[in-house]
Amino acid sequence: MPFIDLQSNLASSSFSEDFLKRFCSITAAVLRKPEDRMNVVVHPGLPMLIGGSCSPCVVVSVSAISVTDTAEKNKDHSAKIFSFLTQELGLTEDRIVIQFHELQPHQVGKKGTVMTFL
């Protein structure tokens, strides 16, 4: 059950429903998880600064169980997510930052319990 949280200073018009669906699809494929288990949240129009500049930028947080636990996996994930975001949003790679967080099953609640018991 991955959680994708995208924060940006781009306007909400940059993030259509179609963008959300494609972003969900690409991140599901990258993480090898079913799309119906993905949780994607976009926070547009935020005051943001990366590398000393307030130019258009994006910070993505990827939190998931068992797929973000090694540098090798995250290098591959990063390359594919960067490719999608640079093409879709017209940003250069220096305006995008991705954070990877490894979750344990007991840290994710669903259906009144935690993933450990599902």
# chains A, B, ... in the order shown; residues from 1 in each chain; ligands from 1
>>> select_by_dssp(residues="stretch 16-115 of chain A", states="alpha helix (DSSP H)", output="short mmCIF file (atom, residue, chain, number, x, y, z; two decimals) with all heavy atoms, in the first residue's frame")
data_model
loop_
_atom_site.label_atom_id
_atom_site.label_comp_id
_atom_site.auth_asym_id
_atom_site.auth_seq_id
_atom_site.Cartn_x
_atom_site.Cartn_y
_atom_site.Cartn_z
N GLU A 17 -6.91 15.65 -13.35
CA GLU A 17 -7.28 14.28 -12.98
C GLU A 17 -6.52 13.28 -13.84
O GLU A 17 -6.09 12.22 -13.36
CB GLU A 17 -8.78 14.08 -13.13
CG GLU A 17 -9.26 12.71 -12.69
CD GLU A 17 -10.77 12.55 -12.74
OE1 GLU A 17 -11.49 13.55 -12.62
OE2 GLU A 17 -11.21 11.40 -12.90
N ASP A 18 -6.33 13.61 -15.11
CA ASP A 18 -5.57 12.74 -16.01
C ASP A 18 -4.12 12.60 -15.53
O ASP A 18 -3.57 11.50 -15.53
CB ASP A 18 -5.61 13.29 -17.44
CG ASP A 18 -4.90 12.38 -18.42
OD1 ASP A 18 -5.28 11.19 -18.51
OD2 ASP A 18 -3.96 12.86 -19.09
N PHE A 19 -3.51 13.70 -15.10
CA PHE A 19 -2.15 13.64 -14.55
C PHE A 19 -2.12 12.70 -13.34
O PHE A 19 -1.24 11.85 -13.22
CB PHE A 19 -1.64 15.03 -14.14
CG PHE A 19 -0.35 14.98 -13.39
CD1 PHE A 19 0.86 15.00 -14.07
CD2 PHE A 19 -0.33 14.88 -12.00
CE1 PHE A 19 2.07 14.92 -13.37
CE2 PHE A 19 0.87 14.81 -11.30
CZ PHE A 19 2.07 14.82 -11.99
N LEU A 20 -3.08 12.87 -12.42
CA LEU A 20 -3.12 12.03 -11.22
C LEU A 20 -3.22 10.55 -11.58
O LEU A 20 -2.52 9.71 -11.00
CB LEU A 20 -4.30 12.42 -10.33
CG LEU A 20 -4.15 13.72 -9.56
CD1 LEU A 20 -5.47 14.09 -8.89
CD2 LEU A 20 -3.07 13.60 -8.52
N LYS A 21 -4.06 10.22 -12.53
CA LYS A 21 -4.22 8.82 -12.93
C LYS A 21 -2.95 8.28 -13.57
O LYS A 21 -2.55 7.14 -13.30
CB LYS A 21 -5.41 8.68 -13.88
CG LYS A 21 -6.74 8.87 -13.16
CD LYS A 21 -7.92 8.78 -14.11
CE LYS A 21 -9.22 8.95 -13.35
NZ LYS A 21 -10.39 8.90 -14.23
N ARG A 22 -2.30 9.08 -14.42
CA ARG A 22 -1.05 8.63 -15.05
C ARG A 22 0.08 8.53 -14.03
O ARG A 22 0.89 7.60 -14.08
CB ARG A 22 -0.67 9.55 -16.21
CG ARG A 22 -1.57 9.33 -17.42
CD ARG A 22 -1.20 10.17 -18.63
NE ARG A 22 -1.60 11.55 -18.39
CZ ARG A 22 -0.76 12.58 -18.34
NH1 ARG A 22 0.53 12.41 -18.53
NH2 ARG A 22 -1.21 13.80 -18.11
N PHE A 23 0.13 9.47 -13.08
CA PHE A 23 1.15 9.43 -12.04
C PHE A 23 0.94 8.20 -11.15
O PHE A 23 1.89 7.50 -10.79
CB PHE A 23 1.11 10.73 -11.22
CG PHE A 23 2.25 10.90 -10.26
CD1 PHE A 23 3.56 10.64 -10.64
CD2 PHE A 23 2.02 11.36 -8.97
CE1 PHE A 23 4.62 10.81 -9.75
CE2 PHE A 23 3.06 11.56 -8.08
CZ PHE A 23 4.36 11.26 -8.46
N CYS A 24 -0.31 7.91 -10.83
CA CYS A 24 -0.62 6.70 -10.08
C CYS A 24 -0.18 5.46 -10.85
O CYS A 24 0.46 4.56 -10.29
CB CYS A 24 -2.12 6.63 -9.79
SG CYS A 24 -2.63 5.12 -8.95
N SER A 25 -0.49 5.41 -12.12
CA SER A 25 -0.15 4.26 -12.95
C SER A 25 1.36 4.05 -13.04
O SER A 25 1.85 2.93 -12.88
CB SER A 25 -0.75 4.45 -14.34
OG SER A 25 -0.47 3.34 -15.16
N ILE A 26 2.11 5.13 -13.29
CA ILE A 26 3.56 5.00 -13.43
C ILE A 26 4.21 4.62 -12.11
O ILE A 26 5.10 3.77 -12.06
CB ILE A 26 4.20 6.26 -14.05
CG1 ILE A 26 5.67 6.01 -14.40
CG2 ILE A 26 4.16 7.45 -13.13
CD1 ILE A 26 5.91 5.15 -15.59
N THR A 27 3.77 5.23 -11.01
CA THR A 27 4.39 4.88 -9.72
C THR A 27 4.01 3.46 -9.31
O THR A 27 4.84 2.75 -8.73
CB THR A 27 4.04 5.91 -8.62
OG1 THR A 27 2.63 6.07 -8.53
CG2 THR A 27 4.71 7.25 -8.88
N ALA A 28 2.82 3.02 -9.60
CA ALA A 28 2.44 1.63 -9.32
C ALA A 28 3.34 0.67 -10.10
O ALA A 28 3.85 -0.31 -9.55
CB ALA A 28 0.98 1.39 -9.67
N ALA A 29 3.56 0.97 -11.38
CA ALA A 29 4.43 0.12 -12.20
C ALA A 29 5.87 0.14 -11.69
O ALA A 29 6.52 -0.91 -11.59
CB ALA A 29 4.38 0.58 -13.66
N VAL A 30 6.36 1.32 -11.34
CA VAL A 30 7.73 1.45 -10.83
C VAL A 30 7.91 0.64 -9.56
O VAL A 30 8.92 -0.05 -9.39
CB VAL A 30 8.05 2.95 -10.57
CG1 VAL A 30 9.30 3.11 -9.73
CG2 VAL A 30 8.20 3.70 -11.89
N LEU A 31 6.93 0.70 -8.66
CA LEU A 31 7.03 0.01 -7.37
C LEU A 31 6.54 -1.43 -7.42
O LEU A 31 6.60 -2.15 -6.43
CB LEU A 31 6.25 0.79 -6.31
CG LEU A 31 6.72 2.22 -6.04
CD1 LEU A 31 5.77 2.93 -5.08
CD2 LEU A 31 8.15 2.24 -5.51
N ALA A 71 19.31 1.02 -1.70
CA ALA A 71 19.76 2.08 -2.61
C ALA A 71 19.55 1.67 -4.06
O ALA A 71 19.17 2.50 -4.90
CB ALA A 71 21.24 2.39 -2.35
N GLU A 72 19.77 0.40 -4.38
CA GLU A 72 19.62 -0.07 -5.76
C GLU A 72 18.18 0.07 -6.23
O GLU A 72 17.92 0.54 -7.34
CB GLU A 72 20.08 -1.53 -5.88
CG GLU A 72 21.57 -1.73 -5.70
CD GLU A 72 22.01 -1.70 -4.22
OE1 GLU A 72 21.15 -1.86 -3.31
OE2 GLU A 72 23.21 -1.47 -3.99
N LYS A 73 17.23 -0.34 -5.37
CA LYS A 73 15.81 -0.21 -5.74
C LYS A 73 15.45 1.26 -5.91
O LYS A 73 14.79 1.64 -6.89
CB LYS A 73 14.92 -0.82 -4.66
CG LYS A 73 14.94 -2.32 -4.59
CD LYS A 73 14.04 -2.81 -3.45
CE LYS A 73 14.13 -4.29 -3.24
NZ LYS A 73 13.33 -4.73 -2.07
N ASN A 74 15.87 2.10 -4.98
CA ASN A 74 15.49 3.51 -5.02
C ASN A 74 16.15 4.25 -6.18
O ASN A 74 15.57 5.19 -6.72
CB ASN A 74 15.78 4.18 -3.69
CG ASN A 74 14.86 3.68 -2.59
OD1 ASN A 74 13.80 3.12 -2.88
ND2 ASN A 74 15.26 3.84 -1.35
N LYS A 75 17.34 3.82 -6.59
CA LYS A 75 17.98 4.42 -7.77
C LYS A 75 17.12 4.17 -9.00
O LYS A 75 16.90 5.08 -9.80
CB LYS A 75 19.38 3.83 -7.95
CG LYS A 75 20.11 4.40 -9.13
CD LYS A 75 21.50 3.79 -9.28
CE LYS A 75 22.19 4.34 -10.51
NZ LYS A 75 23.48 3.67 -10.75
N ASP A 76 16.63 2.95 -9.14
CA ASP A 76 15.76 2.59 -10.27
C ASP A 76 14.43 3.35 -10.19
O ASP A 76 13.97 3.91 -11.18
CB ASP A 76 15.52 1.09 -10.29
CG ASP A 76 14.71 0.65 -11.49
OD1 ASP A 76 15.11 0.96 -12.62
OD2 ASP A 76 13.67 -0.01 -11.29
N HIS A 77 13.82 3.35 -9.00
CA HIS A 77 12.56 4.08 -8.81
C HIS A 77 12.74 5.55 -9.17
O HIS A 77 11.92 6.16 -9.85
CB HIS A 77 12.08 4.00 -7.36
CG HIS A 77 11.85 2.63 -6.82
ND1 HIS A 77 11.53 1.53 -7.59
CD2 HIS A 77 11.88 2.18 -5.54
CE1 HIS A 77 11.37 0.47 -6.82
NE2 HIS A 77 11.59 0.84 -5.57
N SER A 78 13.82 6.12 -8.67
CA SER A 78 14.10 7.55 -8.86
C SER A 78 14.20 7.89 -10.34
O SER A 78 13.59 8.86 -10.80
CB SER A 78 15.39 7.92 -8.13
OG SER A 78 15.63 9.30 -8.21
N ALA A 79 14.96 7.12 -11.08
CA ALA A 79 15.15 7.39 -12.51
C ALA A 79 13.81 7.41 -13.25
O ALA A 79 13.56 8.31 -14.07
CB ALA A 79 16.08 6.35 -13.12
N LYS A 80 12.96 6.46 -12.96
CA LYS A 80 11.67 6.37 -13.67
C LYS A 80 10.71 7.48 -13.25
O LYS A 80 10.00 8.04 -14.09
CB LYS A 80 11.06 4.99 -13.44
CG LYS A 80 11.88 3.90 -14.11
CD LYS A 80 11.41 2.51 -13.74
CE LYS A 80 12.29 1.47 -14.41
NZ LYS A 80 11.99 0.11 -13.95
N ILE A 81 10.69 7.81 -11.97
CA ILE A 81 9.81 8.89 -11.51
C ILE A 81 10.30 10.24 -12.03
O ILE A 81 9.50 11.07 -12.48
CB ILE A 81 9.69 8.88 -9.97
CG1 ILE A 81 8.97 7.60 -9.52
CG2 ILE A 81 8.95 10.11 -9.47
CD1 ILE A 81 9.02 7.35 -8.01
N PHE A 82 11.62 10.46 -12.01
CA PHE A 82 12.18 11.69 -12.57
C PHE A 82 11.81 11.83 -14.05
O PHE A 82 11.42 12.91 -14.50
CB PHE A 82 13.71 11.72 -12.43
CG PHE A 82 14.20 12.41 -11.19
CD1 PHE A 82 14.37 11.70 -10.02
CD2 PHE A 82 14.51 13.76 -11.19
CE1 PHE A 82 14.83 12.32 -8.87
CE2 PHE A 82 14.97 14.39 -10.05
CZ PHE A 82 15.14 13.67 -8.88
N SER A 83 11.93 10.75 -14.79
CA SER A 83 11.61 10.78 -16.22
C SER A 83 10.17 11.22 -16.44
O SER A 83 9.89 12.09 -17.28
CB SER A 83 11.85 9.41 -16.84
OG SER A 83 11.49 9.41 -18.20
N PHE A 84 9.25 10.64 -15.69
CA PHE A 84 7.84 11.00 -15.83
C PHE A 84 7.62 12.48 -15.48
O PHE A 84 6.99 13.21 -16.25
CB PHE A 84 6.97 10.11 -14.93
CG PHE A 84 5.53 10.52 -14.92
CD1 PHE A 84 4.67 10.12 -15.94
CD2 PHE A 84 5.01 11.31 -13.91
CE1 PHE A 84 3.33 10.50 -15.94
CE2 PHE A 84 3.67 11.70 -13.90
CZ PHE A 84 2.84 11.30 -14.91
N LEU A 85 8.13 12.91 -14.34
CA LEU A 85 7.87 14.28 -13.88
C LEU A 85 8.52 15.34 -14.78
O LEU A 85 7.91 16.38 -15.03
CB LEU A 85 8.33 14.46 -12.44
CG LEU A 85 7.51 13.67 -11.40
CD1 LEU A 85 8.14 13.80 -10.03
CD2 LEU A 85 6.06 14.12 -11.39
N THR A 86 9.72 15.09 -15.28
CA THR A 86 10.35 16.07 -16.16
C THR A 86 9.57 16.21 -17.46
O THR A 86 9.37 17.32 -17.95
CB THR A 86 11.83 15.73 -16.45
OG1 THR A 86 11.92 14.41 -17.00
CG2 THR A 86 12.69 15.84 -15.20
N GLN A 87 9.09 15.09 -17.98
CA GLN A 87 8.32 15.14 -19.23
C GLN A 87 6.95 15.78 -19.01
O GLN A 87 6.52 16.61 -19.81
CB GLN A 87 8.13 13.73 -19.79
CG GLN A 87 9.40 13.12 -20.34
CD GLN A 87 9.20 11.68 -20.79
OE1 GLN A 87 8.09 11.16 -20.83
NE2 GLN A 87 10.29 11.02 -21.10
N GLU A 88 6.27 15.39 -17.96
CA GLU A 88 4.89 15.85 -17.72
C GLU A 88 4.81 17.30 -17.25
O GLU A 88 3.88 18.01 -17.61
CB GLU A 88 4.20 14.95 -16.71
CG GLU A 88 3.94 13.55 -17.21
CD GLU A 88 2.94 13.51 -18.33
OE1 GLU A 88 1.93 14.24 -18.28
OE2 GLU A 88 3.17 12.74 -19.28
N LEU A 89 5.76 17.71 -16.42
CA LEU A 89 5.68 19.03 -15.81
C LEU A 89 6.66 20.03 -16.40
O LEU A 89 6.63 21.21 -16.04
CB LEU A 89 5.89 18.92 -14.29
CG LEU A 89 4.87 18.04 -13.55
CD1 LEU A 89 5.25 17.93 -12.08
CD2 LEU A 89 3.46 18.59 -13.72
#
>>> residues_around(residues="A:Val59", least_positions_apart="4", cutoff="9 Å", atoms="only C-alpha atoms", output="list in words")
Asp5, Leu6, Gln7, Ser8, Ile50, Arg95, Ile96, Val97, Ile98 and Gln99 of chain A
